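J.: This structure is in structure tokens; I'll ask about it shortly.
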Amino acid sequence: MSAKINVCVIIKDHFDTLRDDRDNKLSMLDIFTLFGIPIIIVISVMMSKYIINKEFVSLVVNFASIVTSLLISVLVLIYDQYSKVDVDSDASENDIKVKKRELLEQLFSNVSFTILMGIVTVIFCLILNTFTITASGYYEAITFSVADYPITMSSSLFMPFILFFLLEMIFTLFMGLKRLHILFFIR
């Protein structure tokens with residue numbers, strides 16, 4: 001894969017923000033909250049045999065697109081604030097400035113990850129929209145063959161991914177909001 005479109009560094013940097021401040025180890029509670037809970041929700045929805053329809057997909061695309069475009073502006077603002085925090089030799093304010101820079105770096109990583117989740121969500125929704133829609137608004141299955149083996153793809157294949165990435169986006173938004181709140185009150 002081209003280094004210019006490789007997003008692994010965004011994912012790695014996001015995971016690095018899930019460290020406990022006390023011992024700098026990955027926080028299992030944070031990982032469970034941000035990844036385990038969405039997986040549990042997706043499995044629960046799948047077990048209830050919920051099938052997404054056109055209106056739900058349209059709502060998800062609108063939400064993800066709007067939030068993603070707004071977050072790109074937020075990245076610019078975070079970068080601007082980061083460049084304004086000068087760490088200098090004044091020891092009394094230096095600790096606060098270092099903490100602000102660290103928090104802005106984490107926030108930048110979280111917002112970048114949220115944008116990535118939004119883009120992936122929209123891509124899955126766009127692929128799903130290539131399916132034929134029934135009169136009731138649900139997606140029909142697509143069957144095609146590869147080397148004489150029939151493969152059936154249905155909306156139930158796409159639904160867990162769409163829901164998971166959407167939940168990742170929402171949970172990371174909450175985490176970023178909390179970090180913004182903390183950043184405002186650092187004195």
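Chain labels run A, B, ... following the order of the structure tokens; each chain numbers its residues from 1, and ligands are numbered from 1 in the order shown.
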Please identify which residues in chain A DSSP calls alpha helix (DSSP H) from the backbone, and express them as an NGL selection string.

T.: :A and (8-16 or 28-31 or 37-47 or 54-84 or 91-128 or 155-185)

J.: Counting only C-alpha atoms, what are the residues of stretch 109-129 of chain A within 8 Å of stretch 1-17 of chain A, and for each of them which pair of atoms is the nearest and at what distance in Å, to one decimal? Sort the table by chain and rising number, as CSV.

T.:
```
residue,atom,partner,partner_atom,distance
A:Ser109,CA,A:His14,CA,5.2
A:Asn110,CA,A:His14,CA,5.6
A:Ser112,CA,A:Ile10,CA,6.6
A:Phe113,CA,A:Ile10,CA,6.0
```

J.: Quick one: distance from atom CA of A:Ile51 to atom CA of A:Ser155 in Å, one decimal?

T.: 7.1 Å

J.: Please indicate the distance in Å from atom CA of A:Lys84 to atom CA of A:Arg22, rounded to one decimal place.

T.: 27.0 Å

J.: Check chain A with DSSP on the backbone and list each residue it calls strand (DSSP E), as an MDAnalysis selection string.

T.: chainID A and resid 142:146 149:153

J.: Excluding same-chain residues fewer than 5 positions from A:Ile78, what lies within 9 Å of it counting only C-alpha atoms, as a list in words?

T.: Ser73, Ser83, Leu104, Glu105, Leu107 and Phe108 of chain A

J.: Within 10 Å of stretch 120-129 of chain A, counting only C-alpha atoms, which residues show up once you throw out same-chain ones fewer than 4 positions away? Write them as a PyMOL selection string, please.

T.: chain A and resi 54+56-58+60-65+68+114-116+133+139-140+153-155+157-159+161-169

J.: Dump N, CA, C and O atoms for the selected residues as a tab-separated table (two decimals), in the first residue's frame?

T.:
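Result written to out_28.tsv:
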```
chain	number	residue	atom	x	y	z
A	54	LYS	N	-33.14	1.46	3.86
A	54	LYS	CA	-32.59	2.60	3.12
A	54	LYS	C	-32.57	3.88	3.97
A	54	LYS	O	-31.62	4.65	3.91
A	56	PHE	N	-32.31	4.21	7.25
A	56	PHE	CA	-31.25	4.15	8.24
A	56	PHE	C	-29.89	4.45	7.60
A	56	PHE	O	-29.10	5.22	8.14
A	57	VAL	N	-29.64	3.85	6.46
A	57	VAL	CA	-28.36	4.06	5.77
A	57	VAL	C	-28.23	5.53	5.36
A	57	VAL	O	-27.16	6.13	5.51
A	58	SER	N	-29.31	6.12	4.90
A	58	SER	CA	-29.28	7.53	4.52
A	58	SER	C	-28.97	8.41	5.73
A	58	SER	O	-28.17	9.35	5.64
A	60	VAL	N	-27.32	7.52	8.45
A	60	VAL	CA	-25.93	7.28	8.83
A	60	VAL	C	-24.98	8.04	7.91
A	60	VAL	O	-24.01	8.66	8.37
A	61	VAL	N	-25.23	8.02	6.61
A	61	VAL	CA	-24.38	8.73	5.66
A	61	VAL	C	-24.41	10.23	5.96
A	61	VAL	O	-23.36	10.89	5.98
A	62	ASN	N	-25.60	10.77	6.19
A	62	ASN	CA	-25.70	12.20	6.49
A	62	ASN	C	-24.95	12.56	7.77
A	62	ASN	O	-24.19	13.52	7.81
A	63	PHE	N	-25.17	11.77	8.83
A	63	PHE	CA	-24.50	12.02	10.10
A	63	PHE	C	-22.99	11.95	9.96
A	63	PHE	O	-22.26	12.86	10.36
A	64	ALA	N	-22.51	10.86	9.37
A	64	ALA	CA	-21.06	10.66	9.25
A	64	ALA	C	-20.43	11.72	8.36
A	64	ALA	O	-19.34	12.22	8.66
A	65	SER	N	-21.10	12.09	7.30
A	65	SER	CA	-20.55	13.09	6.38
A	65	SER	C	-20.46	14.46	7.04
A	65	SER	O	-19.43	15.14	6.94
A	68	THR	N	-17.84	14.35	9.96
A	68	THR	CA	-16.49	14.24	9.41
A	68	THR	C	-16.02	15.56	8.83
A	68	THR	O	-14.88	15.99	9.09
A	114	THR	N	-11.60	9.56	14.45
A	114	THR	CA	-13.03	9.74	14.26
A	114	THR	C	-13.34	10.05	12.79
A	114	THR	O	-14.30	9.53	12.23
A	115	ILE	N	-12.52	10.89	12.19
A	115	ILE	CA	-12.69	11.18	10.77
A	115	ILE	C	-12.52	9.91	9.94
A	115	ILE	O	-13.31	9.64	9.02
A	116	LEU	N	-11.51	9.12	10.27
A	116	LEU	CA	-11.29	7.85	9.57
A	116	LEU	C	-12.50	6.93	9.70
A	116	LEU	O	-12.96	6.33	8.72
A	133	ILE	N	-33.11	-2.12	-4.00
A	133	ILE	CA	-33.97	-1.86	-2.85
A	133	ILE	C	-35.38	-2.34	-3.18
A	133	ILE	O	-35.94	-2.05	-4.24
A	139	TYR	N	-32.85	-3.82	1.50
A	139	TYR	CA	-31.90	-4.18	0.45
A	139	TYR	C	-32.03	-5.65	0.10
A	139	TYR	O	-32.12	-6.50	0.98
A	140	GLU	N	-32.02	-5.94	-1.21
A	140	GLU	CA	-32.05	-7.33	-1.67
A	140	GLU	C	-30.63	-7.89	-1.65
A	140	GLU	O	-29.66	-7.15	-1.75
A	153	MET	N	-24.21	-11.89	-1.08
A	153	MET	CA	-23.94	-10.77	-0.17
A	153	MET	C	-25.27	-10.09	0.13
A	153	MET	O	-26.05	-9.81	-0.77
A	154	SER	N	-25.51	-9.87	1.40
A	154	SER	CA	-26.76	-9.21	1.78
A	154	SER	C	-26.44	-8.05	2.71
A	154	SER	O	-25.31	-7.87	3.15
A	155	SER	N	-27.47	-7.28	3.00
A	155	SER	CA	-27.28	-6.14	3.89
A	155	SER	C	-26.85	-6.60	5.29
A	155	SER	O	-26.19	-5.86	6.00
A	157	LEU	N	-24.61	-8.59	5.92
A	157	LEU	CA	-23.15	-8.65	5.91
A	157	LEU	C	-22.56	-7.27	6.19
A	157	LEU	O	-21.56	-7.14	6.88
A	158	PHE	N	-23.20	-6.23	5.66
A	158	PHE	CA	-22.70	-4.87	5.81
A	158	PHE	C	-23.12	-4.23	7.13
A	158	PHE	O	-22.42	-3.37	7.66
A	159	MET	N	-24.27	-4.60	7.64
A	159	MET	CA	-24.83	-3.97	8.83
A	159	MET	C	-23.89	-3.99	10.04
A	159	MET	O	-23.70	-2.96	10.69
A	161	PHE	N	-20.63	-4.01	10.17
A	161	PHE	CA	-19.53	-3.09	9.94
A	161	PHE	C	-19.98	-1.64	10.05
A	161	PHE	O	-19.32	-0.82	10.68
A	162	ILE	N	-21.11	-1.35	9.42
A	162	ILE	CA	-21.64	0.02	9.46
A	162	ILE	C	-21.92	0.42	10.90
A	162	ILE	O	-21.53	1.50	11.36
A	163	LEU	N	-22.58	-0.44	11.64
A	163	LEU	CA	-22.93	-0.14	13.03
A	163	LEU	C	-21.68	-0.03	13.90
A	163	LEU	O	-21.57	0.88	14.73
A	164	PHE	N	-20.71	-0.93	13.71
A	164	PHE	CA	-19.49	-0.88	14.52
A	164	PHE	C	-18.73	0.43	14.28
A	164	PHE	O	-18.33	1.10	15.23
A	165	PHE	N	-18.51	0.78	13.02
A	165	PHE	CA	-17.76	2.00	12.72
A	165	PHE	C	-18.51	3.25	13.17
A	165	PHE	O	-17.90	4.22	13.62
A	166	LEU	N	-19.83	3.22	13.08
A	166	LEU	CA	-20.64	4.34	13.56
A	166	LEU	C	-20.50	4.48	15.08
A	166	LEU	O	-20.31	5.58	15.60
A	167	LEU	N	-20.56	3.37	15.80
A	167	LEU	CA	-20.40	3.40	17.26
A	167	LEU	C	-18.99	3.84	17.65
A	167	LEU	O	-18.81	4.60	18.61
A	168	GLU	N	-17.98	3.39	16.91
A	168	GLU	CA	-16.60	3.83	17.16
A	168	GLU	C	-16.51	5.35	17.02
A	168	GLU	O	-15.89	6.02	17.82
A	169	MET	N	-17.16	5.84	15.99
A	169	MET	CA	-17.15	7.28	15.74
A	169	MET	C	-17.80	8.03	16.90
A	169	MET	O	-17.25	9.01	17.41
```

J.: With distances taken over only C-alpha atoms, which residue among A:Ile37, A:Leu103, A:Val111, A:Leu26 lies nearest A:His181?

T.: A:Leu103

J.: Which one is closest to A:Ile72: A:Met47, A:Met28, A:Ile119, A:Ala147? Count only C-alpha atoms.

T.: A:Ile119

J.: Between atom CA of A:Ala135 and atom CA of A:Lys49, what is the distance in Å, rounded to a tenth?

T.: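 Computing it gives 19.8 Å between the two atoms.
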